[in-house]
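**Q** One file: my_file_1.csv (CSV, C-alpha atoms).
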chain,number,residue,atom,x,y,z
A,1,MET,CA,88.8,105.8,143.2
A,2,SER,CA,91.5,103.1,143.2
A,3,GLN,CA,91.3,100.1,140.9
A,4,THR,CA,91.7,96.6,142.1
A,5,SER,CA,93.9,94.1,140.2
A,6,GLU,CA,90.6,92.5,139.0
A,7,GLN,CA,89.4,95.8,137.5
A,8,ILE,CA,92.7,96.3,135.8
A,9,ASP,CA,92.6,92.8,134.3
A,10,ILE,CA,89.1,93.6,132.8
A,11,PHE,CA,90.6,96.6,130.9
A,12,GLU,CA,93.5,94.4,129.6
A,13,ASP,CA,91.0,91.9,128.2
A,14,VAL,CA,89.7,94.4,125.7
A,15,SER,CA,91.7,94.3,122.6
A,16,ASN,CA,91.3,97.0,120.0
A,17,PRO,CA,87.7,96.3,118.6
A,18,LEU,CA,88.8,97.7,115.2
A,19,ASP,CA,90.4,94.3,114.6
A,20,SER,CA,87.0,92.8,114.9
A,21,VAL,CA,85.5,95.5,112.7
A,22,GLU,CA,88.1,94.5,110.0
A,23,GLU,CA,86.8,90.9,110.2
A,24,ILE,CA,83.2,92.0,109.7
A,25,LEU,CA,84.3,94.1,106.7
A,26,TYR,CA,86.3,91.2,105.2
A,27,ALA,CA,83.3,88.9,105.6
A,28,ASN,CA,81.1,91.4,103.7
A,29,GLU,CA,83.8,91.9,101.1
A,30,TRP,CA,83.8,95.7,101.8
A,31,VAL,CA,87.0,97.6,101.0
A,32,PHE,CA,88.2,99.7,103.9
A,33,ASP,CA,91.1,102.0,105.0
A,34,ARG,CA,92.6,101.7,108.4
A,35,MET,CA,94.1,105.2,108.7
A,36,THR,CA,95.6,104.7,112.1
A,37,GLU,CA,95.5,102.0,114.8
A,38,ASP,CA,92.4,103.7,116.2
A,39,GLU,CA,90.6,104.9,113.1
A,40,LEU,CA,88.9,103.0,110.2
A,41,ILE,CA,86.7,104.1,107.3
A,42,VAL,CA,84.7,102.1,104.8
A,43,GLN,CA,82.4,103.2,102.0
A,44,ILE,CA,79.5,100.9,101.1
A,45,THR,CA,76.5,100.7,98.9
A,46,GLY,CA,73.2,100.1,100.6
A,47,LYS,CA,69.8,99.4,99.1
A,48,MET,CA,68.9,103.1,99.0
A,49,GLY,CA,72.3,104.9,98.7
A,50,GLU,CA,76.0,105.2,99.5
A,51,TYR,CA,77.3,105.3,103.1
A,52,LYS,CA,80.6,106.0,104.7
A,53,LEU,CA,81.2,104.2,108.0
A,54,PHE,CA,83.7,105.7,110.4
A,55,PHE,CA,85.0,103.8,113.5
A,56,GLN,CA,87.1,105.5,116.1
A,57,TRP,CA,88.5,103.5,119.1
A,58,GLN,CA,89.1,105.5,122.3
A,59,GLU,CA,91.2,103.2,124.4
A,60,GLN,CA,91.3,105.5,127.5
A,61,TYR,CA,87.5,105.1,127.8
A,62,SER,CA,87.3,101.6,126.4
A,63,ALA,CA,84.8,103.1,124.0
A,64,MET,CA,84.3,103.3,120.2
A,65,THR,CA,82.5,106.0,118.3
A,66,PHE,CA,80.7,104.8,115.2
A,67,VAL,CA,79.3,107.1,112.5
A,68,CYS,CA,77.3,106.0,109.4
A,69,GLN,CA,77.2,109.0,107.1
A,70,TYR,CA,74.9,109.5,104.1
A,71,ASP,CA,76.3,110.6,100.7
A,72,LEU,CA,73.9,113.5,100.8
A,73,ASP,CA,74.3,117.2,101.6
A,74,ILE,CA,71.3,118.9,103.2
A,75,HIS,CA,70.2,121.9,101.2
A,76,ARG,CA,70.9,125.2,103.1
A,77,ASN,CA,67.3,126.1,102.9
A,78,ALA,CA,66.3,122.9,104.7
A,79,LEU,CA,68.7,123.2,107.7
A,80,ASP,CA,65.9,124.2,110.1
A,81,ASP,CA,63.6,121.5,108.8
A,82,VAL,CA,66.3,118.8,109.1
A,83,LYS,CA,67.0,119.8,112.8
A,84,LYS,CA,63.3,119.5,113.6
A,85,THR,CA,63.0,116.3,111.6
A,86,MET,CA,66.1,114.7,113.3
A,87,SER,CA,64.7,115.6,116.7
A,88,SER,CA,61.5,113.8,115.9
A,89,ILE,CA,63.3,110.8,114.5
A,90,ASN,CA,65.7,110.6,117.4
A,91,ALA,CA,62.8,110.6,119.9
A,92,GLY,CA,61.8,107.2,118.5
A,93,LEU,CA,65.2,105.6,118.4
A,94,TRP,CA,66.4,103.3,121.1
A,95,LEU,CA,70.0,103.2,120.0
A,96,GLY,CA,72.1,106.0,118.5
A,97,HIS,CA,70.9,109.2,117.0
A,98,PHE,CA,71.0,111.2,113.8
A,99,ASP,CA,72.7,114.5,113.5
A,100,LEU,CA,74.7,116.6,111.0
A,101,ARG,CA,78.4,115.6,110.6
A,102,GLU,CA,80.5,118.1,112.5
A,103,GLY,CA,81.4,121.1,110.4
A,104,SER,CA,79.1,120.0,107.5
A,105,ASP,CA,75.6,119.7,106.2
A,106,ILE,CA,75.9,115.9,105.8
A,107,PRO,CA,73.4,113.8,107.9
A,108,CYS,CA,74.7,110.8,109.8
A,109,PHE,CA,73.8,108.2,112.3
A,110,ARG,CA,76.1,108.0,115.3
A,111,HIS,CA,76.6,106.0,118.4
A,112,THR,CA,79.3,105.5,121.0
A,113,THR,CA,79.5,102.2,122.7
A,114,LEU,CA,81.5,100.9,125.7
A,115,PHE,CA,83.6,97.8,125.5
A,116,ARG,CA,84.8,97.5,129.1
A,117,GLY,CA,84.6,93.8,130.1
A,118,MET,CA,84.1,92.5,126.6
A,119,THR,CA,86.4,90.0,125.0
A,120,HIS,CA,87.4,89.8,121.4
A,121,THR,CA,84.5,87.3,120.7
A,122,SER,CA,81.7,89.2,122.5
A,123,GLY,CA,82.9,92.5,121.1
A,124,ALA,CA,82.7,91.1,117.5
A,125,GLU,CA,79.1,90.2,117.9
A,126,HIS,CA,78.3,93.5,119.5
A,127,LEU,CA,80.0,95.4,116.6
A,128,GLU,CA,78.2,93.3,114.0
A,129,ASP,CA,74.8,94.2,115.6
A,130,LEU,CA,75.8,97.8,115.8
A,131,VAL,CA,76.6,98.0,112.1
A,132,ASP,CA,73.4,96.1,111.1
A,133,ILE,CA,71.2,98.4,113.3
A,134,ALA,CA,72.9,101.6,111.9
A,135,LEU,CA,72.5,100.5,108.3
A,136,ALA,CA,68.9,99.6,108.9
A,137,GLU,CA,68.1,103.0,110.4
A,138,CYS,CA,69.9,104.8,107.7
A,139,GLU,CA,68.1,102.9,105.0
A,140,ARG,CA,64.8,103.4,106.8
A,141,PHE,CA,65.2,107.2,106.9
A,142,TYR,CA,67.0,107.6,103.6
A,143,PRO,CA,63.9,109.0,101.8
A,144,VAL,CA,63.6,111.8,104.5
A,145,PHE,CA,67.2,113.0,104.1
A,146,GLU,CA,67.1,112.6,100.3
A,147,LEU,CA,64.0,114.8,100.3
A,148,LEU,CA,65.8,117.4,102.5
A,149,SER,CA,68.8,117.4,100.2
A,150,ARG,CA,66.8,118.7,97.3
A,151,SER,CA,66.9,122.4,96.3
A,152,THR,CA,63.1,122.7,96.5
A,153,PRO,CA,61.7,123.0,100.1
A,154,ALA,CA,59.9,119.9,101.5
A,155,ASN,CA,56.6,120.4,103.1
A,156,ASP,CA,55.5,118.7,106.4
A,157,ALA,CA,53.2,116.3,104.6
A,158,ASP,CA,56.0,115.1,102.3
A,159,LEU,CA,58.4,114.7,105.2
A,160,SER,CA,55.8,112.7,107.2
A,161,LEU,CA,55.1,110.5,104.3
A,162,ALA,CA,58.8,109.9,103.7
A,163,ALA,CA,59.3,109.0,107.4
A,164,MET,CA,56.6,106.4,107.5
A,165,GLN,CA,57.6,102.8,107.8
A,166,VAL,CA,56.4,100.9,104.7
A,167,ALA,CA,54.3,97.8,105.6
A,168,GLY,CA,56.0,94.5,104.6
A,169,VAL,CA,59.4,96.0,104.4
A,170,SER,CA,62.1,95.2,107.0
Represent the structure of the file as structure tokens.

**A**
Amino acid sequence: MSQTSEQIDIFEDVSNPLDSVEEILYANEWVFDRMTEDELIVQITGKMGEYKLFFQWQEQYSAMTFVCQYDLDIHRNALDDVKKTMSSINAGLWLGHFDLREGSDIPCFRHTTLFRGMTHTSGAEHLEDLVDIALAECERFYPVFELLSRSTPANDADLSLAAMQVAGVS
């Protein structure tokens, strides 16, 4: 499929969205590390726990992968339970999903988003929403993953209770 000059111009309008991520991090006074032009990491403290946020820009696809990782290791005895629980949680999510960080037993929320056709301004708002949604979902399900990180096995009733949304809390 050949590209017209208009299509090529759209790709050129997309600047590296990690520049916008830096602006969001500065505004929140979060300390971050820009490892490369295309990778950025930040560690933050939420209401429930600590999180590491990873951003990776993939220019060839005009896409950015975003990962919000818990500071929890799932106990080896709970790996089957966590997979079943993540599947249940993911079925109810409309954006992103939970999984175990590649090569580890650390739960995380991840999402890849496309930036084709976005400008610096529209991309910044998109990124801010993405970070807000990811942190809200991680906070919402923190009790579940904290329960699964313990050395004592969690039963189905405890996991169901931990996954319930608390009334009056947003």

**Q** List the neighbours of A:Thr112 out to 12 Å using only C-alpha atoms; skip same-chain residues closer than 6 positions along the sequence, and give me the result as a VMD selection string.

**A** chain A and resid 54 to 58 61 to 68 95 to 97 127 130 to 131 134

**Q** Deliver the residues from the most recent selection as a file, using C-alpha atoms, as a short mmCIF file (atom, residue, chain, number, x, y, z; two decimals), in the coordinates of the input.

**A**
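Output contents, as saved in again12.cif:
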data_model
loop_
_atom_site.label_atom_id
_atom_site.label_comp_id
_atom_site.auth_asym_id
_atom_site.auth_seq_id
_atom_site.Cartn_x
_atom_site.Cartn_y
_atom_site.Cartn_z
CA PHE A 54 83.70 105.70 110.40
CA PHE A 55 85.00 103.80 113.50
CA GLN A 56 87.10 105.50 116.10
CA TRP A 57 88.50 103.50 119.10
CA GLN A 58 89.10 105.50 122.30
CA TYR A 61 87.50 105.10 127.80
CA SER A 62 87.30 101.60 126.40
CA ALA A 63 84.80 103.10 124.00
CA MET A 64 84.30 103.30 120.20
CA THR A 65 82.50 106.00 118.30
CA PHE A 66 80.70 104.80 115.20
CA VAL A 67 79.30 107.10 112.50
CA CYS A 68 77.30 106.00 109.40
CA LEU A 95 70.00 103.20 120.00
CA GLY A 96 72.10 106.00 118.50
CA HIS A 97 70.90 109.20 117.00
CA LEU A 127 80.00 95.40 116.60
CA LEU A 130 75.80 97.80 115.80
CA VAL A 131 76.60 98.00 112.10
CA ALA A 134 72.90 101.60 111.90
#

**Q** Mind giving me the straight-line distance from atom CA of A:Ala124 to atom CA of A:Met35 in Å, one decimal?

**A**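 Answer for the atom CA of A:Ala124 to atom CA of A:Met35 separation: 20.2 Å.
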
**Q** Rounded to one decimal place, report the atom CA of A:Ile74-atom CA of A:Ile106 distance in Å.

**A**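 Those two atoms sit 6.1 Å apart.
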
**Q** Would you pick out the contacts of A:Ala136 at 10 Å or less, using only C-alpha atoms, so that residues sharing its chain but fewer than 5 positions from it are not included, and give the list as a PyMOL selection string?

**A** chain A and resi 46-47+130-131+141-142+170

**Q** Please report the interatomic distance between atom CA of A:Ser88 and atom CA of A:Asp129 in Å with one decimal.

**A**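 Atom CA of A:Asp129 lies 23.7 Å from atom CA of A:Ser88.
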
**Q** So that I can see what lies close to stretch 23-32 of chain A, please list as a PyMOL selection string the residues with an atom at most 10 Å from it, counting only C-alpha atoms and leaving out residues fewer than 6 positions away in the same chain.

**A** chain A and resi 40-45+52-54+124-125+127-128+131

**Q** With distances taken over all atoms listed in the file, which of A:Lys84, A:Arg76, A:Arg34, A:Arg116 is nearest to A:Ser15?

**A**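 For A:Ser15, the nearest of the given residues is A:Arg116.
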
**Q** Could you check the closest approach to A:Pro107 for each of A:Pro143, A:Asp38, A:Asp73, A:Gln60 and tell me which residue wins, using all atoms listed in the file?

**A**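 Result for the nearest residue to A:Pro107: A:Asp73.
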
**Q** Taking the point (67.8, 120.4, 98.3) as given in the file, collect each protein or nucleic acid residue that comes within 12 Å of it, counting all atoms listed in the file, and present the set as a list in words.

**A**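 Every residue inside that radius is included here: Leu72, Asp73, Ile74, His75, Arg76, Asn77, Ala78, Leu79, Asp81, Val82, Asp105, Ile106, Val144, Phe145, Glu146, Leu147, Leu148, Ser149, Arg150, Ser151, Thr152, Pro153 and Ala154 of chain A.
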